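Shown next, in structure tokens, is the structure this report addresses.
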Amino acid sequence: SFRPFVAEDLWKFNRVNIDPLTETYNLGFYFSYLAHWPDYFSVAESASGAIMGYIMGKVEGKGKNWHGHVTALTVAPEFRRLGLANTMMGMLEAITEKTYNGYFVDLFVRKSNDVATTMYTKMGYIIYRTVLNYYSGTHEEDAYDMRKALPRDTKRESVVPLKEPINPWQLDEG
């Protein structure tokens with residue numbers, strides 16, 4: 001079943017975050033999202049109470065850049081291929097459309113993560129642009145900024161792909 005994320009879940013979701021492609025943040029980051037955007041933070045929970053996966057996001061931007069952003073989506077390996085990611089993405093898209101009237105939903109994915117890129121493409125997302133060296137640390141890597149237009153973007157302007165890559169500091173420029 002799906003339910004809102006609660007603070008106690010922070011002590012139960014480590015096994016979901018073991019995947020090397022899942023970004024793990026400090027506790028303050030999770031608490032900040034939980035406090036500011038609780039409707040964008042959900043878990044999939046098994047009948048036994050195990051966390052199968054979670055999604056966290058936020059709403060941001062101005063004008064035609066007003067959108068929902070997926071900060072993290074992860075499903076534990078033993079629960080993959082059950083449609084959990086599709087369901088959680090649908091929940092976040094619906095909140096962005098119906099509660100916040102956003103123009104689109106976006107997310108970042110490692111350029112090397114072909115499985116995720118393919119999954120999001122099947123959900124209707126396009127590669128909008130490449131962000132150079134978005135992921136830092138041991139494995140520096142470029143990211144794809146993927147987007148899906150929502151009904152408010154009647155002309156689908158938010159999903160016209162950009163030809164040139166950008167640097168991370170250019171993200172706030174639109």
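Naming works like this for the structure tokens: A, B, ... for the chains as they're shown, residue 1 at the start of each chain, ligands 1 onward in shown order.
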Taking the chain letters and numbering used in this document, name the residues of chain A that DSSP puts in strand (DSSP E), as a PyMOL selection string. chain A and resi 2-4+41-45+51-60+67-75+104-110+126-135+141-149
List the spatial neighbours of Gly49 in chain A as an mmCIF file with all heavy atoms, in the first residue's frame - criterion: any atom at most 10 Å away, only C-alpha atoms, same-chain residues fewer than 4 positions off excluded.
```cif
data_model
loop_
_atom_site.group_PDB
_atom_site.id
_atom_site.type_symbol
_atom_site.label_atom_id
_atom_site.label_comp_id
_atom_site.auth_asym_id
_atom_site.auth_seq_id
_atom_site.Cartn_x
_atom_site.Cartn_y
_atom_site.Cartn_z
ATOM 1 N N SER A 1 0.844 -1.185 0.000
ATOM 2 C CA SER A 1 0.000 0.000 0.000
ATOM 3 C C SER A 1 0.889 1.249 0.000
ATOM 4 O O SER A 1 2.069 1.189 0.304
ATOM 5 C CB SER A 1 -0.925 -0.017 1.213
ATOM 6 O OG SER A 1 -0.191 0.092 2.409
ATOM 7 N N LYS A 12 13.847 3.250 8.900
ATOM 8 C CA LYS A 12 13.476 1.963 8.311
ATOM 9 C C LYS A 12 13.795 1.836 6.827
ATOM 10 O O LYS A 12 13.549 0.805 6.240
ATOM 11 C CB LYS A 12 11.965 1.729 8.484
ATOM 12 C CG LYS A 12 11.506 1.676 9.923
ATOM 13 C CD LYS A 12 10.064 1.194 10.051
ATOM 14 C CE LYS A 12 9.075 2.202 9.540
ATOM 15 N NZ LYS A 12 7.673 1.810 9.765
ATOM 16 N N ALA A 44 5.922 3.226 -0.343
ATOM 17 C CA ALA A 44 5.196 1.994 -0.662
ATOM 18 C C ALA A 44 5.586 1.014 0.429
ATOM 19 O O ALA A 44 6.777 0.793 0.679
ATOM 20 C CB ALA A 44 5.605 1.475 -2.031
ATOM 21 N N GLU A 45 4.596 0.450 1.096
ATOM 22 C CA GLU A 45 4.856 -0.409 2.253
ATOM 23 C C GLU A 45 4.219 -1.783 2.030
ATOM 24 O O GLU A 45 3.082 -1.877 1.579
ATOM 25 C CB GLU A 45 4.266 0.255 3.498
ATOM 26 C CG GLU A 45 4.565 -0.431 4.799
ATOM 27 C CD GLU A 45 4.014 0.363 5.977
ATOM 28 O OE1 GLU A 45 2.790 0.619 6.014
ATOM 29 O OE2 GLU A 45 4.809 0.736 6.842
#
```
Could you name the residues that touch Pro151 in chain A at 9 Å or less, counting only C-alpha atoms, but leaving out those on the same chain fewer than 4 positions away, as a list in words?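 Once the nearby chain positions are removed, what remains is Glu97, Asn101, Gly102, Tyr103, Phe104 and Arg156 of chain A.
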Write out, as an mmCIF file, in the first residue's frame, the residues just selected, with all heavy atoms.
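Wrote it out as part.cif, contents follow:
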```cif
data_model
loop_
_atom_site.group_PDB
_atom_site.id
_atom_site.type_symbol
_atom_site.label_atom_id
_atom_site.label_comp_id
_atom_site.auth_asym_id
_atom_site.auth_seq_id
_atom_site.Cartn_x
_atom_site.Cartn_y
_atom_site.Cartn_z
ATOM 1 N N GLU A 97 -0.243 18.446 -10.859
ATOM 2 C CA GLU A 97 -1.297 18.950 -11.739
ATOM 3 C C GLU A 97 -2.495 19.485 -10.957
ATOM 4 O O GLU A 97 -2.924 20.618 -11.167
ATOM 5 C CB GLU A 97 -1.759 17.827 -12.681
ATOM 6 C CG GLU A 97 -2.902 18.243 -13.580
ATOM 7 C CD GLU A 97 -3.466 17.094 -14.397
ATOM 8 O OE1 GLU A 97 -2.843 16.007 -14.446
ATOM 9 O OE2 GLU A 97 -4.548 17.283 -14.976
ATOM 10 N N ASN A 101 -1.128 22.967 -9.916
ATOM 11 C CA ASN A 101 -1.326 23.477 -11.276
ATOM 12 C C ASN A 101 0.004 23.745 -11.985
ATOM 13 O O ASN A 101 0.202 24.791 -12.598
ATOM 14 C CB ASN A 101 -2.212 24.731 -11.252
ATOM 15 C CG ASN A 101 -2.806 25.035 -12.617
ATOM 16 O OD1 ASN A 101 -2.951 24.156 -13.459
ATOM 17 N ND2 ASN A 101 -3.145 26.298 -12.840
ATOM 18 N N GLY A 102 0.918 22.787 -11.897
ATOM 19 C CA GLY A 102 2.224 22.930 -12.527
ATOM 20 C C GLY A 102 2.182 22.696 -14.022
ATOM 21 O O GLY A 102 1.255 22.077 -14.553
ATOM 22 N N TYR A 103 3.217 23.194 -14.690
ATOM 23 C CA TYR A 103 3.337 23.035 -16.143
ATOM 24 C C TYR A 103 3.967 21.700 -16.538
ATOM 25 O O TYR A 103 3.690 21.172 -17.602
ATOM 26 C CB TYR A 103 4.180 24.173 -16.732
ATOM 27 C CG TYR A 103 3.431 25.473 -16.820
ATOM 28 C CD1 TYR A 103 3.459 26.384 -15.770
ATOM 29 C CD2 TYR A 103 2.694 25.803 -17.944
ATOM 30 C CE1 TYR A 103 2.771 27.584 -15.842
ATOM 31 C CE2 TYR A 103 2.002 26.997 -18.032
ATOM 32 C CZ TYR A 103 2.046 27.888 -16.973
ATOM 33 O OH TYR A 103 1.350 29.065 -17.050
ATOM 34 N N PHE A 104 4.845 21.177 -15.674
ATOM 35 C CA PHE A 104 5.538 19.940 -16.008
ATOM 36 C C PHE A 104 6.109 19.322 -14.736
ATOM 37 O O PHE A 104 6.083 19.923 -13.673
ATOM 38 C CB PHE A 104 6.653 20.176 -17.039
ATOM 39 C CG PHE A 104 7.748 21.125 -16.597
ATOM 40 C CD1 PHE A 104 8.915 20.659 -16.002
ATOM 41 C CD2 PHE A 104 7.616 22.507 -16.787
ATOM 42 C CE1 PHE A 104 9.923 21.534 -15.588
ATOM 43 C CE2 PHE A 104 8.624 23.381 -16.388
ATOM 44 C CZ PHE A 104 9.778 22.893 -15.782
ATOM 45 N N ARG A 156 3.013 22.561 -24.930
ATOM 46 C CA ARG A 156 4.134 21.657 -24.656
ATOM 47 C C ARG A 156 5.499 22.356 -24.800
ATOM 48 O O ARG A 156 6.490 21.750 -25.187
ATOM 49 C CB ARG A 156 4.050 20.417 -25.541
ATOM 50 C CG ARG A 156 2.767 19.627 -25.281
ATOM 51 C CD ARG A 156 2.642 18.356 -26.077
ATOM 52 N NE ARG A 156 3.747 17.442 -25.981
ATOM 53 C CZ ARG A 156 3.977 16.611 -24.967
ATOM 54 N NH1 ARG A 156 3.152 16.581 -23.955
ATOM 55 N NH2 ARG A 156 5.004 15.794 -24.975
#
```
Test item: residues at most 10 Å from Asp9 in chain A, only C-alpha atoms, excluding those fewer than 6 positions along its chain, as a VMD selection string: chain A and resid 43 50 to 51 54
Do you have, as CSV, the list of residues of range 88-169 of chain A lying at most 12 Å from range 26-37 of chain A, each with its nearest atom pair and that distance in Å to one decimal, counting only C-alpha atoms and ordered by chain then number?
```
residue,atom,partner,partner_atom,distance
A:Leu92,CA,A:Trp37,CA,11.2
A:Ile95,CA,A:Trp37,CA,10.8
A:Thr96,CA,A:Trp37,CA,11.3
A:Thr99,CA,A:Trp37,CA,11.8
A:Tyr100,CA,A:Trp37,CA,11.4
```
Which residues, written as a PyMOL selection string, have at least one atom at most 9 Å from Ile127 in chain A, with only C-alpha atoms counted and residues fewer than 4 positions away on the same chain left out? chain A and resi 117+121+144-147+159+161-162
Identify, on the basis of only C-alpha atoms, every residue whose closest approach to Lys163 in chain A does not exceed 10 Å; exclude the query and any residue fewer than 5 positions from it along the same chain; express the result as a PDB file with C-alpha atoms, in the first residue's frame.
```pdb
ATOM      1  CA  TYR A 128      15.147  17.917 -22.070  1.00  0.00           C
ATOM      2  CA  ARG A 129      18.855  18.666 -21.628  1.00  0.00           C
ATOM      3  CA  THR A 130      22.154  17.363 -20.327  1.00  0.00           C
TER       4      THR A 130
END
```
Distance criterion (only C-alpha atoms): nearest to Thr74 in chain A out of A:Glu164, A:Lys62, A:Tyr40, A:Glu23: A:Glu23
Using only C-alpha atoms, find the one residue out of A:Asn167, A:Ser42, A:Asn65, A:Asn14 that sits nearest to Met88 in chain A.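 Result for the nearest residue to Met88 in chain A: A:Ser42.
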So how many Å separate CA of Arg15 in chain A and CA of Lys58 in chain A, to one decimal?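 That distance, rounded to one decimal, is 23.5 Å.
Here CA of Phe5 in chain A is placed at a distance of 5.5 Å from CA of Phe41 in chain A.
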